[in-house]
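Reading through the structure tokens given below for one structure.
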Amino acid sequence: MAETSLFQSFFLIFSGAALLASLALFGRQPLLVAYIALGVLLGPSGFAVINNVQLLADMSNVGIIFLLFLLGLDMQPQALMSVLRKATFVGIVSCGLFLGLGFGIGHLFGFTGIESWVIGMAMMFSSTIIGIKLLPTTVLHHKHLGELMVGLLLFQDFVAIACLMILLSGSTGHVDVAQLGLSFAALPLLALFAWAIVKYLLLPLFTRFDRFHEYVFLLAVGWCMGMAELAEVLGLSREIGAFIGGITLATSPISQYIALSLKPLRDFFLILFFFSIGAQFNLAMVPIIAVPALIAALAVLVIKPVVFRYLLGNQSEHKVLAWDIGFRLGQISEFSLLIAFLSLHHKLIGSEAAHLIQATAILTFLVSSYIVVMNFPNPIAVKDHLRRD
């Protein structure tokens, strides 16, 4: 079969997404359903129309980087520590519980010890993309619910980075504790470097040339990408680098303009991200992993809201608020997919375990998004009284 050009791939993805998104809205389904379903249809396991899936998947990761950068832009540094303090206890306990839950499910279905621990790692995290995209902007920035959501997701992001570094060092047969320590020691140095560059270089440039909107956009994208790459070099992750880059710009008077400018670019890449999730899934593995994937997905969808409701309730949060957060975090994460990919690449797990994590992610993404879209305030609700921008 002839190689699909990049333009042809974009045509098929975005024209197809527009069509399926229209059908999804008429059918009262969240748009994420359309993007993932399109990936399955056009990818190698479906009609195999698009064959450069890995290139598109690599490009789609830029969307996650922009998402974290914009999240940082919207958060004042002083508020960050307050948010993390509120979320730390709930984050530690919930991560431990879901690590054990995933390990138990893996062990139950005969996976090896390492595979079961990797499945447990994948279960610990909730999706930053779904959690933030389905949270109304006014709630995200100005309400207690938004603070708690952001705090829990950020805590999970830091734990996810630690897991990724452990898995990467474990690919040699042992955990490189020294490298792990150096990577975390680099975090405050990276933040200090970013603060200095913003204060003494970027802010003067923004102040001098703020009338040139194209230049402001270019400088913001360059800063985001530069911080992401620097963090990767230091052994952290591009997502953490982009987030730090956004936080250091948050106090700038031009931060909200930058955020508005980058949102369409972020959405472009996030459509690619969800398409690539569907496209990379091998349908031939479904009969093999169907039962464990269904049980894992059901466990996540049922147990996560209950756990967060109980933990937040013990923190004196209102019952309605605790249930709201629990259901919004009732899925596994894009980090789970990255954990599965890296573990498979380094031969820590087999294809069956990797596809179990992917199937659980897709199922929980779809069902959790549907639950939130149909029952809680969100920007893409099909019911008018729930739609909040």
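As shown in the structure tokens, the chain order sets the letters A, B, ...; within each chain, residues go from 1, and ligands are also counted from 1 in the order they appear.
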Tell me, which residues of region 104-144 of chain A carry DSSP alpha helix (DSSP H), written as a ChimeraX atom specification?
/A:104-108,113-123,128-133,137-142,144
Residue neighbourhood Arg85 (chain A), 10 Å, only C-alpha atoms, exclusion window fewer than 2 positions, as a list in words
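Using only C-alpha atoms, the neighbours found are Leu80, Met81, Ser82, Val83, Ala87, Thr88, Phe89, Val90, Leu148, Gly151, Leu152 and Phe155 of chain A.
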Which polymer residues have any atom within 10 Å of an atom of region 313-329 of chain A, counting only C-alpha atoms, with same-chain residues fewer than 3 positions away left out, as number ranges by chain?
A: 86-87, 89-90, 125-128, 130-132, 134-135, 144-146, 148-149, 152-153, 300-310, 332-333, 368-369, 371-373, 375-377
Quick one: write out the picked residues with C-alpha atoms as a short mmCIF file (atom, residue, chain, number, x, y, z; two decimals), in the first residue's frame?
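The new file result_6.cif reads:
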```cif
data_model
loop_
_atom_site.label_atom_id
_atom_site.label_comp_id
_atom_site.auth_asym_id
_atom_site.auth_seq_id
_atom_site.Cartn_x
_atom_site.Cartn_y
_atom_site.Cartn_z
CA LYS A 86 -4.25 20.44 50.04
CA ALA A 87 -3.87 17.56 47.58
CA PHE A 89 -2.52 13.47 51.51
CA VAL A 90 -5.33 12.48 49.15
CA PHE A 125 -3.21 8.27 37.48
CA SER A 126 -6.21 10.18 36.13
CA SER A 127 -6.25 11.99 32.81
CA THR A 128 -5.02 15.59 32.90
CA ILE A 130 -10.00 14.91 30.29
CA GLY A 131 -9.98 16.41 33.78
CA ILE A 132 -8.98 19.90 32.63
CA LEU A 134 -14.13 18.99 30.87
CA LEU A 135 -13.81 21.52 33.70
CA HIS A 144 -12.33 25.48 45.18
CA LEU A 145 -13.25 22.54 42.94
CA GLY A 146 -10.79 23.78 40.31
CA LEU A 148 -8.46 20.64 44.22
CA MET A 149 -8.63 19.14 40.72
CA LEU A 152 -4.52 16.29 42.56
CA LEU A 153 -3.61 16.14 38.87
CA VAL A 300 -11.49 2.09 37.85
CA LEU A 301 -14.89 3.56 36.95
CA VAL A 302 -16.55 2.33 40.15
CA ILE A 303 -13.79 2.45 42.76
CA LYS A 304 -12.02 5.72 41.86
CA PRO A 305 -15.06 7.99 42.48
CA VAL A 306 -15.76 6.18 45.77
CA VAL A 307 -12.14 6.46 46.95
CA PHE A 308 -11.91 10.18 46.13
CA ARG A 309 -15.33 10.80 47.68
CA TYR A 310 -14.23 9.11 50.92
CA ILE A 332 -6.74 6.30 33.91
CA SER A 333 -4.34 8.67 32.22
CA SER A 368 -15.83 8.61 32.19
CA SER A 369 -16.14 11.41 29.61
CA ILE A 371 -20.55 10.37 32.67
CA VAL A 372 -19.09 13.86 33.16
CA VAL A 373 -20.57 15.33 29.97
CA ASN A 375 -24.12 14.79 34.55
CA PHE A 376 -21.74 17.62 35.54
CA PRO A 377 -21.11 21.19 34.36
#
```
List the neighbours of region 351-357 of chain A out to 9 Å using only C-alpha atoms; skip same-chain residues closer than 2 positions along the sequence, and give me the result as a PyMOL selection string.
chain A and resi 106+111+115-116+118-119+122-123+281-282+285-286+288-290+292-293+296+332+336-337+339-341+343-344+349+359-362
Export, as a PDB file, in the first residue's frame, the selected residues with N, CA and C atoms.
```pdb
ATOM      1  N   GLY A 106      -3.641  -7.569  37.773  1.00  0.00           N
ATOM      2  CA  GLY A 106      -2.617  -8.226  36.962  1.00  0.00           C
ATOM      3  C   GLY A 106      -2.285  -9.611  37.476  1.00  0.00           C
ATOM      4  N   PHE A 111      -0.487 -12.374  34.989  1.00  0.00           N
ATOM      5  CA  PHE A 111       0.652 -11.605  34.497  1.00  0.00           C
ATOM      6  C   PHE A 111       1.828 -11.752  35.461  1.00  0.00           C
ATOM      7  N   GLU A 115       5.001  -7.155  35.288  1.00  0.00           N
ATOM      8  CA  GLU A 115       3.847  -6.700  34.507  1.00  0.00           C
ATOM      9  C   GLU A 115       2.721  -6.212  35.424  1.00  0.00           C
ATOM     10  N   SER A 116       2.503  -6.913  36.526  1.00  0.00           N
ATOM     11  CA  SER A 116       1.449  -6.520  37.461  1.00  0.00           C
ATOM     12  C   SER A 116       1.759  -5.175  38.108  1.00  0.00           C
ATOM     13  N   VAL A 118       3.565  -2.803  36.747  1.00  0.00           N
ATOM     14  CA  VAL A 118       3.384  -1.786  35.699  1.00  0.00           C
ATOM     15  C   VAL A 118       1.898  -1.488  35.500  1.00  0.00           C
ATOM     16  N   ILE A 119       1.063  -2.522  35.510  1.00  0.00           N
ATOM     17  CA  ILE A 119      -0.391  -2.318  35.419  1.00  0.00           C
ATOM     18  C   ILE A 119      -0.862  -1.476  36.601  1.00  0.00           C
ATOM     19  N   ALA A 122      -0.015   2.123  36.047  1.00  0.00           N
ATOM     20  CA  ALA A 122      -0.933   2.730  35.079  1.00  0.00           C
ATOM     21  C   ALA A 122      -2.273   3.085  35.706  1.00  0.00           C
ATOM     22  N   MET A 123      -2.680   2.318  36.724  1.00  0.00           N
ATOM     23  CA  MET A 123      -3.969   2.558  37.372  1.00  0.00           C
ATOM     24  C   MET A 123      -3.945   3.787  38.286  1.00  0.00           C
ATOM     25  N   PHE A 281      -4.221   1.036  18.531  1.00  0.00           N
ATOM     26  CA  PHE A 281      -4.787  -0.135  19.202  1.00  0.00           C
ATOM     27  C   PHE A 281      -4.961  -1.277  18.212  1.00  0.00           C
ATOM     28  N   ASN A 282      -4.449  -2.459  18.560  1.00  0.00           N
ATOM     29  CA  ASN A 282      -4.512  -3.645  17.703  1.00  0.00           C
ATOM     30  C   ASN A 282      -5.778  -4.436  18.028  1.00  0.00           C
ATOM     31  N   MET A 285      -5.965  -8.131  19.323  1.00  0.00           N
ATOM     32  CA  MET A 285      -5.710  -8.488  20.721  1.00  0.00           C
ATOM     33  C   MET A 285      -6.980  -8.486  21.565  1.00  0.00           C
ATOM     34  N   VAL A 286      -8.084  -7.997  21.019  1.00  0.00           N
ATOM     35  CA  VAL A 286      -9.310  -7.844  21.815  1.00  0.00           C
ATOM     36  C   VAL A 286      -9.786  -9.155  22.438  1.00  0.00           C
ATOM     37  N   ILE A 288      -8.185 -11.623  23.433  1.00  0.00           N
ATOM     38  CA  ILE A 288      -7.248 -12.075  24.463  1.00  0.00           C
ATOM     39  C   ILE A 288      -7.377 -11.260  25.740  1.00  0.00           C
ATOM     40  N   ILE A 289      -7.556  -9.958  25.587  1.00  0.00           N
ATOM     41  CA  ILE A 289      -7.528  -9.083  26.772  1.00  0.00           C
ATOM     42  C   ILE A 289      -8.910  -8.523  27.131  1.00  0.00           C
ATOM     43  N   ALA A 290      -9.957  -8.994  26.475  1.00  0.00           N
ATOM     44  CA  ALA A 290     -11.296  -8.419  26.683  1.00  0.00           C
ATOM     45  C   ALA A 290     -11.751  -8.524  28.135  1.00  0.00           C
ATOM     46  N   PRO A 292     -10.019  -9.243  31.134  1.00  0.00           N
ATOM     47  CA  PRO A 292      -9.274  -8.430  32.120  1.00  0.00           C
ATOM     48  C   PRO A 292      -9.426  -6.927  31.899  1.00  0.00           C
ATOM     49  N   ALA A 293      -9.536  -6.492  30.635  1.00  0.00           N
ATOM     50  CA  ALA A 293      -9.700  -5.059  30.362  1.00  0.00           C
ATOM     51  C   ALA A 293     -11.047  -4.558  30.881  1.00  0.00           C
ATOM     52  N   ALA A 296     -10.815  -4.446  34.687  1.00  0.00           N
ATOM     53  CA  ALA A 296      -9.964  -3.326  35.110  1.00  0.00           C
ATOM     54  C   ALA A 296     -10.690  -1.999  34.918  1.00  0.00           C
ATOM     55  N   ILE A 332      -8.193   6.278  33.821  1.00  0.00           N
ATOM     56  CA  ILE A 332      -6.741   6.296  33.907  1.00  0.00           C
ATOM     57  C   ILE A 332      -6.222   7.347  32.930  1.00  0.00           C
ATOM     58  N   SER A 336      -0.586   6.753  31.589  1.00  0.00           N
ATOM     59  CA  SER A 336      -0.699   5.293  31.615  1.00  0.00           C
ATOM     60  C   SER A 336      -0.325   4.704  30.266  1.00  0.00           C
ATOM     61  N   LEU A 337      -0.750   5.375  29.199  1.00  0.00           N
ATOM     62  CA  LEU A 337      -0.400   4.925  27.848  1.00  0.00           C
ATOM     63  C   LEU A 337       1.101   5.049  27.613  1.00  0.00           C
ATOM     64  N   ILE A 339       3.415   4.937  29.970  1.00  0.00           N
ATOM     65  CA  ILE A 339       4.024   3.880  30.774  1.00  0.00           C
ATOM     66  C   ILE A 339       3.967   2.543  30.038  1.00  0.00           C
ATOM     67  N   ALA A 340       2.820   2.236  29.433  1.00  0.00           N
ATOM     68  CA  ALA A 340       2.690   0.987  28.676  1.00  0.00           C
ATOM     69  C   ALA A 340       3.656   0.958  27.501  1.00  0.00           C
ATOM     70  N   PHE A 341       3.759   2.068  26.771  1.00  0.00           N
ATOM     71  CA  PHE A 341       4.638   2.131  25.602  1.00  0.00           C
ATOM     72  C   PHE A 341       6.103   1.933  25.997  1.00  0.00           C
ATOM     73  N   SER A 343       7.367   0.640  28.770  1.00  0.00           N
ATOM     74  CA  SER A 343       7.601  -0.687  29.359  1.00  0.00           C
ATOM     75  C   SER A 343       7.687  -1.760  28.284  1.00  0.00           C
ATOM     76  N   LEU A 344       6.840  -1.656  27.270  1.00  0.00           N
ATOM     77  CA  LEU A 344       6.888  -2.611  26.157  1.00  0.00           C
ATOM     78  C   LEU A 344       8.169  -2.434  25.348  1.00  0.00           C
ATOM     79  N   ILE A 349       7.409  -5.534  29.894  1.00  0.00           N
ATOM     80  CA  ILE A 349       6.110  -6.198  29.811  1.00  0.00           C
ATOM     81  C   ILE A 349       5.919  -6.728  28.393  1.00  0.00           C
ATOM     82  N   ALA A 359      -6.409  -0.759  26.359  1.00  0.00           N
ATOM     83  CA  ALA A 359      -7.863  -0.987  26.302  1.00  0.00           C
ATOM     84  C   ALA A 359      -8.557  -0.378  27.524  1.00  0.00           C
ATOM     85  N   THR A 360      -7.939  -0.525  28.696  1.00  0.00           N
ATOM     86  CA  THR A 360      -8.514   0.063  29.907  1.00  0.00           C
ATOM     87  C   THR A 360      -8.566   1.578  29.795  1.00  0.00           C
ATOM     88  N   ALA A 361      -7.498   2.171  29.234  1.00  0.00           N
ATOM     89  CA  ALA A 361      -7.474   3.627  29.048  1.00  0.00           C
ATOM     90  C   ALA A 361      -8.599   4.073  28.124  1.00  0.00           C
ATOM     91  N   ILE A 362      -8.736   3.403  26.977  1.00  0.00           N
ATOM     92  CA  ILE A 362      -9.765   3.798  26.014  1.00  0.00           C
ATOM     93  C   ILE A 362     -11.156   3.654  26.618  1.00  0.00           C
TER      94      ILE A 362
END
```
Within 12 Å of region 266-274 of chain A, which residues of region 69-148 of chain A come that close, and what is the closest atom pair and distance in Å for each? Count only C-alpha atoms and give it as CSV.
```
residue,atom,partner,partner_atom,distance
A:Phe69,CA,A:Arg266,CA,9.8
A:Leu70,CA,A:Arg266,CA,8.9
A:Leu71,CA,A:Arg266,CA,11.4
A:Thr128,CA,A:Leu270,CA,11.9
A:Ile129,CA,A:Leu270,CA,8.5
A:Ile130,CA,A:Leu270,CA,10.7
A:Lys133,CA,A:Asp267,CA,9.9
```
Could you write those residues out with C-alpha atoms, as a short mmCIF file (atom, residue, chain, number, x, y, z; two decimals), in the first residue's frame?
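After the write, result_12.cif holds the following:
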```cif
data_model
loop_
_atom_site.label_atom_id
_atom_site.label_comp_id
_atom_site.auth_asym_id
_atom_site.auth_seq_id
_atom_site.Cartn_x
_atom_site.Cartn_y
_atom_site.Cartn_z
CA PHE A 69 2.13 25.11 29.54
CA LEU A 70 -1.32 26.74 29.49
CA LEU A 71 -2.15 25.20 32.85
CA THR A 128 -5.02 15.59 32.90
CA ILE A 129 -6.50 16.16 29.45
CA ILE A 130 -10.00 14.91 30.29
CA LYS A 133 -10.82 19.98 29.28
#
```
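You can rank A:Gly350, A:Leu101, A:Leu338, A:His345 by their closest distance to Ala297 (chain A) using only C-alpha atoms, and at the top of that list sits A:Leu101.
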Please identify all polymer residues within 12 Å of Glu214 (chain A), counting only C-alpha atoms, omitting same-chain residues fewer than 5 positions from it, and present them as a count of residues only.
9
Can you work out the spacing between CA of Gln358 (chain A) and CA of Leu19 (chain A) in Å, to one decimal?
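So the two atoms, CA of Gln358 (chain A) and CA of Leu19 (chain A), lie 25.1 Å apart.
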Tell me which protein, DNA and RNA residues are within 12 Å of Glu232 (chain A), counting only C-alpha atoms, leaving out same-chain ones fewer than 6 positions away, and put them as a ChimeraX atom specification.
/A:65,161,165,183,186-187,190,225-226,238-242
Let's have the selection written as a CSV table (one decimal), in the first residue's frame, with C-alpha atoms.
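Here's the written file part-v9.csv:
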```
chain,number,residue,atom,x,y,z
A,65,ILE,CA,3.0,19.9,26.3
A,161,ILE,CA,7.4,11.3,36.2
A,165,MET,CA,12.2,7.5,35.5
A,183,SER,CA,16.7,14.3,38.1
A,186,ALA,CA,17.5,19.3,38.9
A,187,LEU,CA,13.8,20.4,39.4
A,190,LEU,CA,15.3,24.3,36.4
A,225,MET,CA,9.3,24.2,23.6
A,226,GLY,CA,12.7,25.3,25.0
A,238,ARG,CA,8.9,17.7,28.6
A,239,GLU,CA,5.5,18.1,30.3
A,240,ILE,CA,7.1,19.2,33.6
A,241,GLY,CA,9.4,21.6,31.7
A,242,ALA,CA,6.5,23.2,29.9
```
Find, counting only C-alpha atoms, the residue in A:Leu6, A:Ala21, A:Leu154, A:Cys224 that gets nearest to Ala37 (chain A).
A:Ala21
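Summary of the local environment: counting only C-alpha atoms, residues at most 12 Å from Leu205 (chain A), other than itself and those fewer than 3 positions away along its chain, are Ile197, Val198, Lys199, Tyr200, Leu201, Leu202, Arg208, Phe209, Asp210, Arg211, Phe212, Tyr215, Val216, Leu218, Leu219, Ala220, Ser252 and Ile254 of chain A.
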Keeping only N, CA and C atoms, take the residues you just selected and write them out as a short mmCIF file (atom, residue, chain, number, x, y, z; two decimals), in the first residue's frame.
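Result went into part.cif, see below:
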```
data_model
loop_
_atom_site.label_atom_id
_atom_site.label_comp_id
_atom_site.auth_asym_id
_atom_site.auth_seq_id
_atom_site.Cartn_x
_atom_site.Cartn_y
_atom_site.Cartn_z
N ILE A 197 15.37 33.77 33.62
CA ILE A 197 15.25 34.09 32.19
C ILE A 197 14.00 34.93 31.94
N VAL A 198 12.90 34.55 32.59
CA VAL A 198 11.66 35.31 32.41
C VAL A 198 11.82 36.74 32.92
N LYS A 199 12.38 36.90 34.11
CA LYS A 199 12.49 38.22 34.72
C LYS A 199 13.44 39.14 33.96
N TYR A 200 14.58 38.61 33.53
CA TYR A 200 15.62 39.48 32.98
C TYR A 200 15.69 39.49 31.45
N LEU A 201 14.95 38.58 30.81
CA LEU A 201 15.00 38.54 29.34
C LEU A 201 13.61 38.61 28.71
N LEU A 202 12.74 37.67 29.06
CA LEU A 202 11.45 37.57 28.38
C LEU A 202 10.53 38.74 28.70
N ARG A 208 8.58 45.50 25.57
CA ARG A 208 9.05 46.36 24.48
C ARG A 208 8.29 46.13 23.18
N PHE A 209 7.93 44.85 22.91
CA PHE A 209 7.35 44.52 21.59
C PHE A 209 5.95 43.93 21.71
N ASP A 210 5.19 44.30 22.75
CA ASP A 210 3.88 43.68 22.93
C ASP A 210 2.87 44.07 21.86
N ARG A 211 3.14 45.09 21.08
CA ARG A 211 2.22 45.46 19.99
C ARG A 211 2.30 44.48 18.82
N PHE A 212 3.41 43.75 18.72
CA PHE A 212 3.60 42.81 17.61
C PHE A 212 3.10 41.43 18.05
N TYR A 215 4.98 38.30 17.11
CA TYR A 215 6.23 38.10 17.86
C TYR A 215 5.93 37.54 19.25
N VAL A 216 4.88 38.03 19.91
CA VAL A 216 4.51 37.52 21.22
C VAL A 216 4.17 36.03 21.14
N LEU A 218 5.19 33.88 18.84
CA LEU A 218 6.41 33.15 18.52
C LEU A 218 7.30 32.98 19.75
N LEU A 219 7.46 34.04 20.53
CA LEU A 219 8.30 33.98 21.72
C LEU A 219 7.71 33.02 22.76
N ALA A 220 6.40 33.02 22.89
CA ALA A 220 5.75 32.13 23.85
C ALA A 220 5.92 30.66 23.45
N SER A 252 3.07 37.58 34.46
CA SER A 252 3.18 38.60 33.42
C SER A 252 1.79 39.14 33.06
N ILE A 254 0.80 39.89 30.31
CA ILE A 254 0.44 39.41 28.97
C ILE A 254 0.10 37.92 28.97
#
```
Tell me, in Å to one decimal, how far CA of Leu312 (chain A) is from CA of Gln156 (chain A).
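Rounded to one decimal, the two atoms are 15.7 Å apart.
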Proximity to Leu311 (chain A) - best of A:Leu97, A:Met124, A:Leu234, A:Leu68, only C-alpha atoms
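Smallest separation from Leu311 (chain A) among the options: A:Leu97.
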One-decimal distance in Å that lies between CA of Arg387 (chain A) and CA of Val33 (chain A):
18.2 Å
